[in-house]
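Chemist: So here's target-v2.pdb (PDB, C-alpha atoms).
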```
ATOM      1  CA  MET A   1     169.828 177.696 139.663  1.00  0.00           C
ATOM      2  CA  ASN A   2     173.136 177.931 141.422  1.00  0.00           C
ATOM      3  CA  PRO A   3     173.934 174.638 143.247  1.00  0.00           C
ATOM      4  CA  LYS A   4     175.254 176.479 146.334  1.00  0.00           C
ATOM      5  CA  TYR A   5     172.123 178.575 146.583  1.00  0.00           C
ATOM      6  CA  ARG A   6     169.916 175.472 146.230  1.00  0.00           C
ATOM      7  CA  TRP A   7     171.897 173.651 148.916  1.00  0.00           C
ATOM      8  CA  ARG A   8     171.372 176.514 151.370  1.00  0.00           C
ATOM      9  CA  LYS A   9     167.641 176.488 150.701  1.00  0.00           C
ATOM     10  CA  VAL A  10     167.480 172.745 151.270  1.00  0.00           C
ATOM     11  CA  LYS A  11     169.618 173.001 154.386  1.00  0.00           C
ATOM     12  CA  ASN A  12     167.372 175.685 155.818  1.00  0.00           C
ATOM     13  CA  GLN A  13     164.287 173.713 154.715  1.00  0.00           C
ATOM     14  CA  LYS A  14     162.982 176.566 152.641  1.00  0.00           C
ATOM     15  CA  THR A  15     162.243 174.492 149.554  1.00  0.00           C
ATOM     16  CA  SER A  16     159.020 172.729 148.917  1.00  0.00           C
ATOM     17  CA  ARG A  17     160.280 169.355 147.844  1.00  0.00           C
ATOM     18  CA  GLN A  18     157.796 166.913 146.450  1.00  0.00           C
ATOM     19  CA  ILE A  19     158.195 163.508 148.020  1.00  0.00           C
ATOM     20  CA  PRO A  20     157.572 160.870 145.368  1.00  0.00           C
ATOM     21  CA  VAL A  21     154.579 158.694 146.071  1.00  0.00           C
ATOM     22  CA  LEU A  22     155.800 155.114 146.234  1.00  0.00           C
ATOM     23  CA  ILE A  23     152.453 153.488 146.978  1.00  0.00           C
ATOM     24  CA  LYS A  24     149.797 153.882 144.356  1.00  0.00           C
ATOM     25  CA  LYS A  25     146.394 154.608 145.815  1.00  0.00           C
ATOM     26  CA  SER A  26     143.664 152.156 144.999  1.00  0.00           C
ATOM     27  CA  THR A  27     141.629 152.898 141.943  1.00  0.00           C
ATOM     28  CA  PRO A  28     137.862 152.627 141.921  1.00  0.00           C
ATOM     29  CA  ILE A  29     136.422 149.228 141.112  1.00  0.00           C
ATOM     30  CA  GLN A  30     136.795 148.542 137.426  1.00  0.00           C
ATOM     31  CA  THR A  31     134.185 146.577 135.584  1.00  0.00           C
ATOM     32  CA  LEU A  32     134.785 143.994 132.909  1.00  0.00           C
ATOM     33  CA  LYS A  33     135.079 146.680 130.232  1.00  0.00           C
ATOM     34  CA  ASP A  34     138.550 147.427 131.525  1.00  0.00           C
ATOM     35  CA  ILE A  35     139.523 143.820 132.122  1.00  0.00           C
ATOM     36  CA  ARG A  36     141.058 142.064 129.176  1.00  0.00           C
ATOM     37  CA  ALA A  37     139.756 138.735 127.963  1.00  0.00           C
ATOM     38  CA  PHE A  38     143.282 137.422 128.421  1.00  0.00           C
ATOM     39  CA  SER A  39     142.902 137.769 132.202  1.00  0.00           C
ATOM     40  CA  ARG A  40     139.738 135.667 132.168  1.00  0.00           C
ATOM     41  CA  ILE A  41     141.402 132.995 130.042  1.00  0.00           C
ATOM     42  CA  LYS A  42     144.431 132.851 132.337  1.00  0.00           C
ATOM     43  CA  ALA A  43     142.146 132.531 135.363  1.00  0.00           C
ATOM     44  CA  PHE A  44     140.218 129.728 133.660  1.00  0.00           C
ATOM     45  CA  ILE A  45     143.382 127.805 132.754  1.00  0.00           C
ATOM     46  CA  THR A  46     144.689 128.192 136.298  1.00  0.00           C
ATOM     47  CA  ASP A  47     141.417 126.813 137.678  1.00  0.00           C
ATOM     48  CA  MET A  48     141.572 123.889 135.275  1.00  0.00           C
ATOM     49  CA  PHE A  49     145.014 122.917 136.514  1.00  0.00           C
ATOM     50  CA  MET A  50     144.407 123.573 140.206  1.00  0.00           C
ATOM     51  CA  ILE A  51     140.876 122.206 140.614  1.00  0.00           C
ATOM     52  CA  TYR A  52     139.768 120.092 137.661  1.00  0.00           C
ATOM     53  CA  THR A  53     142.981 118.165 136.923  1.00  0.00           C
ATOM     54  CA  PRO A  54     143.261 116.670 140.441  1.00  0.00           C
ATOM     55  CA  ILE A  55     139.594 115.647 140.276  1.00  0.00           C
ATOM     56  CA  LEU A  56     140.168 113.930 136.935  1.00  0.00           C
ATOM     57  CA  TYR A  57     143.281 112.188 138.246  1.00  0.00           C
ATOM     58  CA  VAL A  58     141.545 110.841 141.358  1.00  0.00           C
ATOM     59  CA  VAL A  59     138.519 109.593 139.446  1.00  0.00           C
ATOM     60  CA  THR A  60     140.538 108.135 136.566  1.00  0.00           C
ATOM     61  CA  TYR A  61     143.321 106.329 138.380  1.00  0.00           C
ATOM     62  CA  LEU A  62     142.247 105.904 141.993  1.00  0.00           C
ATOM     63  CA  ILE A  63     138.546 105.147 141.565  1.00  0.00           C
ATOM     64  CA  LEU A  64     138.198 103.648 138.074  1.00  0.00           C
ATOM     65  CA  GLY A  65     141.716 102.263 137.722  1.00  0.00           C
ATOM     66  CA  SER A  66     142.575 103.294 134.149  1.00  0.00           C
ATOM     67  CA  ALA A  67     142.077 105.974 131.523  1.00  0.00           C
ATOM     68  CA  GLU A  68     140.411 103.403 129.259  1.00  0.00           C
ATOM     69  CA  LYS A  69     137.581 102.898 131.763  1.00  0.00           C
ATOM     70  CA  PHE A  70     137.246 106.640 132.242  1.00  0.00           C
ATOM     71  CA  ARG A  71     136.830 107.300 128.513  1.00  0.00           C
ATOM     72  CA  HIS A  72     134.023 104.751 128.237  1.00  0.00           C
ATOM     73  CA  ASP A  73     132.143 105.768 131.378  1.00  0.00           C
ATOM     74  CA  GLN A  74     130.008 108.863 130.719  1.00  0.00           C
ATOM     75  CA  LYS A  75     128.729 108.952 134.313  1.00  0.00           C
ATOM     76  CA  SER A  76     132.222 109.491 135.680  1.00  0.00           C
ATOM     77  CA  ILE A  77     132.826 112.394 133.283  1.00  0.00           C
ATOM     78  CA  PHE A  78     129.568 114.004 134.408  1.00  0.00           C
ATOM     79  CA  ILE A  79     130.481 113.446 138.062  1.00  0.00           C
ATOM     80  CA  CYS A  80     133.880 115.112 137.532  1.00  0.00           C
ATOM     81  CA  VAL A  81     132.240 118.161 135.973  1.00  0.00           C
ATOM     82  CA  LEU A  82     129.677 118.264 138.797  1.00  0.00           C
ATOM     83  CA  ILE A  83     132.406 118.081 141.465  1.00  0.00           C
ATOM     84  CA  TYR A  84     134.346 120.841 139.692  1.00  0.00           C
ATOM     85  CA  GLY A  85     131.206 123.014 139.656  1.00  0.00           C
ATOM     86  CA  ILE A  86     130.568 122.405 143.350  1.00  0.00           C
ATOM     87  CA  VAL A  87     134.172 123.177 144.332  1.00  0.00           C
ATOM     88  CA  SER A  88     134.160 126.353 142.218  1.00  0.00           C
ATOM     89  CA  ALA A  89     130.848 127.421 143.750  1.00  0.00           C
ATOM     90  CA  ILE A  90     132.268 126.895 147.241  1.00  0.00           C
ATOM     91  CA  PHE A  91     135.302 129.046 146.413  1.00  0.00           C
ATOM     92  CA  ILE A  92     133.103 131.796 144.959  1.00  0.00           C
ATOM     93  CA  THR A  93     130.727 131.666 147.932  1.00  0.00           C
ATOM     94  CA  ILE A  94     133.488 131.939 150.524  1.00  0.00           C
ATOM     95  CA  SER A  95     135.853 134.468 148.961  1.00  0.00           C
ATOM     96  CA  SER A  96     134.196 135.612 145.699  1.00  0.00           C
ATOM     97  CA  GLN A  97     137.206 134.123 143.904  1.00  0.00           C
ATOM     98  CA  THR A  98     138.478 130.835 142.591  1.00  0.00           C
ATOM     99  CA  PRO A  99     142.253 130.257 142.718  1.00  0.00           C
ATOM    100  CA  GLY A 100     142.547 131.469 139.116  1.00  0.00           C
ATOM    101  CA  LEU A 101     140.564 134.626 139.803  1.00  0.00           C
ATOM    102  CA  ARG A 102     142.687 135.259 142.889  1.00  0.00           C
ATOM    103  CA  TYR A 103     145.838 134.862 140.800  1.00  0.00           C
ATOM    104  CA  MET A 104     144.549 137.392 138.270  1.00  0.00           C
ATOM    105  CA  GLN A 105     143.189 139.662 141.060  1.00  0.00           C
ATOM    106  CA  LEU A 106     139.614 139.435 139.828  1.00  0.00           C
ATOM    107  CA  GLN A 107     136.464 138.968 141.857  1.00  0.00           C
ATOM    108  CA  ILE A 108     132.874 137.918 141.142  1.00  0.00           C
ATOM    109  CA  ILE A 109     130.115 139.853 142.869  1.00  0.00           C
ATOM    110  CA  ARG A 110     126.405 140.389 142.362  1.00  0.00           C
ATOM    111  CA  ASP A 111     125.296 143.466 140.460  1.00  0.00           C
ATOM    112  CA  ASN A 112     124.271 145.111 143.741  1.00  0.00           C
ATOM    113  CA  GLY A 113     127.775 144.612 145.202  1.00  0.00           C
ATOM    114  CA  GLU A 114     127.015 141.694 147.536  1.00  0.00           C
ATOM    115  CA  LYS A 115     128.671 138.296 147.635  1.00  0.00           C
ATOM    116  CA  ILE A 116     127.229 135.445 145.616  1.00  0.00           C
ATOM    117  CA  GLY A 117     125.463 132.605 147.404  1.00  0.00           C
ATOM    118  CA  PHE A 118     126.272 128.948 146.814  1.00  0.00           C
ATOM    119  CA  PHE A 119     123.241 128.080 144.683  1.00  0.00           C
ATOM    120  CA  ARG A 120     123.621 131.188 142.519  1.00  0.00           C
ATOM    121  CA  ALA A 121     127.300 130.321 141.968  1.00  0.00           C
ATOM    122  CA  LEU A 122     126.401 126.720 141.082  1.00  0.00           C
ATOM    123  CA  PHE A 123     123.632 127.891 138.741  1.00  0.00           C
ATOM    124  CA  ARG A 124     126.125 130.326 137.186  1.00  0.00           C
ATOM    125  CA  PHE A 125     128.491 127.422 136.523  1.00  0.00           C
ATOM    126  CA  PHE A 126     125.833 125.359 134.735  1.00  0.00           C
ATOM    127  CA  ILE A 127     124.728 128.373 132.694  1.00  0.00           C
ATOM    128  CA  TRP A 128     128.413 128.835 131.755  1.00  0.00           C
ATOM    129  CA  ILE A 129     128.553 125.209 130.525  1.00  0.00           C
ATOM    130  CA  PHE A 130     125.380 125.753 128.508  1.00  0.00           C
ATOM    131  CA  GLY A 131     126.690 129.030 127.057  1.00  0.00           C
ATOM    132  CA  VAL A 132     129.971 127.449 126.008  1.00  0.00           C
ATOM    133  CA  ALA A 133     128.142 124.461 124.509  1.00  0.00           C
ATOM    134  CA  ILE A 134     125.987 126.649 122.268  1.00  0.00           C
ATOM    135  CA  PHE A 135     128.974 128.964 121.653  1.00  0.00           C
ATOM    136  CA  ILE A 136     126.926 132.134 122.173  1.00  0.00           C
ATOM    137  CA  GLY A 137     127.990 132.422 125.809  1.00  0.00           C
ATOM    138  CA  ILE A 138     131.591 133.165 124.913  1.00  0.00           C
ATOM    139  CA  LEU A 139     130.697 135.499 122.025  1.00  0.00           C
ATOM    140  CA  MET A 140     128.299 137.768 123.933  1.00  0.00           C
ATOM    141  CA  PRO A 141     131.000 140.027 125.451  1.00  0.00           C
ATOM    142  CA  PHE A 142     132.055 141.073 121.952  1.00  0.00           C
ATOM    143  CA  PHE A 143     128.558 142.403 121.195  1.00  0.00           C
ATOM    144  CA  ARG A 144     127.634 143.959 124.531  1.00  0.00           C
ATOM    145  CA  LYS A 145     128.685 147.324 125.845  1.00  0.00           C
ATOM    146  CA  ASP A 146     129.131 146.058 129.427  1.00  0.00           C
ATOM    147  CA  LYS A 147     131.134 142.999 128.207  1.00  0.00           C
ATOM    148  CA  LYS A 148     129.085 140.520 130.241  1.00  0.00           C
ATOM    149  CA  CYS A 149     128.799 136.863 129.316  1.00  0.00           C
ATOM    150  CA  LEU A 150     125.523 134.925 129.222  1.00  0.00           C
ATOM    151  CA  HIS A 151     126.032 133.430 132.684  1.00  0.00           C
ATOM    152  CA  ASP A 152     126.729 136.868 134.172  1.00  0.00           C
ATOM    153  CA  ILE A 153     123.565 138.334 132.634  1.00  0.00           C
ATOM    154  CA  LEU A 154     121.258 135.522 133.746  1.00  0.00           C
ATOM    155  CA  CYS A 155     122.676 135.351 137.283  1.00  0.00           C
ATOM    156  CA  GLY A 156     123.055 139.079 137.839  1.00  0.00           C
ATOM    157  CA  THR A 157     126.784 138.902 138.518  1.00  0.00           C
ATOM    158  CA  THR A 158     129.737 141.063 137.551  1.00  0.00           C
ATOM    159  CA  LEU A 159     133.434 140.322 137.228  1.00  0.00           C
ATOM    160  CA  ILE A 160     135.484 143.131 138.772  1.00  0.00           C
ATOM    161  CA  GLU A 161     139.095 143.857 139.483  1.00  0.00           C
ATOM    162  CA  LYS A 162     139.717 143.275 143.174  1.00  0.00           C
ATOM    163  CA  PRO A 163     140.293 146.585 144.925  1.00  0.00           C
ATOM    164  CA  HIS A 164     143.836 146.934 146.242  1.00  0.00           C
ATOM    165  CA  THR A 165     144.260 147.717 149.915  1.00  0.00           C
ATOM    166  CA  PHE A 166     147.530 149.088 151.216  1.00  0.00           C
ATOM    167  CA  LYS A 167     148.498 148.985 154.852  1.00  0.00           C
TER     168      LYS A 167
END
```
As structure tokens, how would this structure be written, given the file I've shared?
Modeler:
Amino acid sequence: MNPKYRWRKVKNQKTSRQIPVLIKKSTPIQTLKDIRAFSRIKAFITDMFMIYTPILYVVTYLILGSAEKFRHDQKSIFICVLIYGIVSAIFITISSQTPGLRYMQLQIIRDNGEKIGFFRALFRFFIWIFGVAIFIGILMPFFRKDKKCLHDILCGTTLIEKPHTFK
């Protein structure tokens, strides 16, 4: 096409120019099939550093006084895990996300699309501990079509990618 001819068409607004779309529209909610295991692991590590590590530090050095006492006191280890479970359940109840899930833009909801209640989130945490302890809980996604873990199946929850909203 002749550049002069094209310029006249543009000047007279007779061309149908396609304006590039800069904002990507939100995609439908994706289930765990589309979410990589790497995202879950990164979310878990983030939660460990942001929630569990401060709990361990406070109990070890401020309450017990030394790491030696912490290693020999099984009750304090159980209390730390219990506090971590409660804090995680509170995060999931309020916003359907822990800090790690928020970082990875993931969200936990019930299978019917509603938010999870506190006791269901706490029960989900203890089922997760049990599943990791018997090792089957972390292997189940490799054998299931919907890629759900043991704690997701028993609690009726689903891990989804948080829908993007553009303003």
Chemist: Have a look at CA of Asp146 in chain A and CA of Ile51 in chain A and let me know their distance in Å, one decimal.
Modeler: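 Value for the CA of Asp146 in chain A-CA of Ile51 in chain A distance: 28.8 Å.
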Chemist: Under the rule that all atoms listed in the file are counted, which of A:Ile79, A:Ile90, A:His72, A:Leu139 is the nearest residue to Lys115 in chain A?
Modeler: A:Ile90
Chemist: Taking all atoms listed in the file into account, name the residue in A:Lys162, A:Val59, A:Ala121, A:Asp152 that is nearest to Asp73 in chain A.
Modeler: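 Nearest to Asp73 in chain A: A:Val59.
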Chemist: Could you jot down the CA of Pro54 in chain A to CA of Ile94 in chain A separation for me, Å, one decimal place?
Modeler: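 Answer for the CA of Pro54 in chain A to CA of Ile94 in chain A separation: 20.7 Å.
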Chemist: Quick one: which residues end up in the PyMOL selection byres ((chain A and resi 76) around 12) for this structure, as a list of chain:residue names?
Modeler: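 Applying the PyMOL selection byres ((chain A and resi 76) around 12) to the structure shown produces A:Ile55, A:Leu56, A:Tyr57, A:Val58, A:Val59, A:Thr60, A:Tyr61, A:Ile63, A:Leu64, A:Ala67, A:Lys69, A:Phe70, A:Arg71, A:His72, A:Asp73, A:Gln74, A:Lys75, A:Ile77, A:Phe78, A:Ile79, A:Cys80, A:Val81, A:Leu82, A:Ile83.
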Chemist: Applying the PyMOL selection byres ((chain A and resi 131) around 12) to the file I just gave you, which residues come out? Please list them as a count of residues only.
Modeler: 23
Chemist: What does the distance from CA of Lys147 in chain A to CA of Leu106 in chain A come to in Å, to one decimal?
Modeler: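 CA of Leu106 in chain A lies at a distance of 14.8 Å from CA of Lys147 in chain A.
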Chemist: Using all atoms listed in the file - which residues lie no farther than 10 Å from the point (130.1, 137.9, 143.8) in the file's frame? Write them as a tab-separated table (two decimals) with C-alpha atoms, keeping the file's coordinate frame.
Modeler:
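Saved to selection_16.tsv:
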```
chain	number	residue	atom	x	y	z
A	92	ILE	CA	133.10	131.80	144.96
A	93	THR	CA	130.73	131.67	147.93
A	94	ILE	CA	133.49	131.94	150.52
A	95	SER	CA	135.85	134.47	148.96
A	96	SER	CA	134.20	135.61	145.70
A	97	GLN	CA	137.21	134.12	143.90
A	107	GLN	CA	136.46	138.97	141.86
A	108	ILE	CA	132.87	137.92	141.14
A	109	ILE	CA	130.12	139.85	142.87
A	110	ARG	CA	126.40	140.39	142.36
A	111	ASP	CA	125.30	143.47	140.46
A	112	ASN	CA	124.27	145.11	143.74
A	113	GLY	CA	127.78	144.61	145.20
A	114	GLU	CA	127.02	141.69	147.54
A	115	LYS	CA	128.67	138.30	147.64
A	116	ILE	CA	127.23	135.44	145.62
A	117	GLY	CA	125.46	132.60	147.40
A	120	ARG	CA	123.62	131.19	142.52
A	121	ALA	CA	127.30	130.32	141.97
A	156	GLY	CA	123.06	139.08	137.84
A	157	THR	CA	126.78	138.90	138.52
A	158	THR	CA	129.74	141.06	137.55
A	159	LEU	CA	133.43	140.32	137.23
A	160	ILE	CA	135.48	143.13	138.77
```
Chemist: Under the rule that all atoms listed in the file are counted, which of A:Gln105, A:Lys148, A:Phe91, A:Phe142 is the nearest residue to Leu122 in chain A?
Modeler: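 Selected residue with least distance to Leu122 in chain A: A:Phe91.
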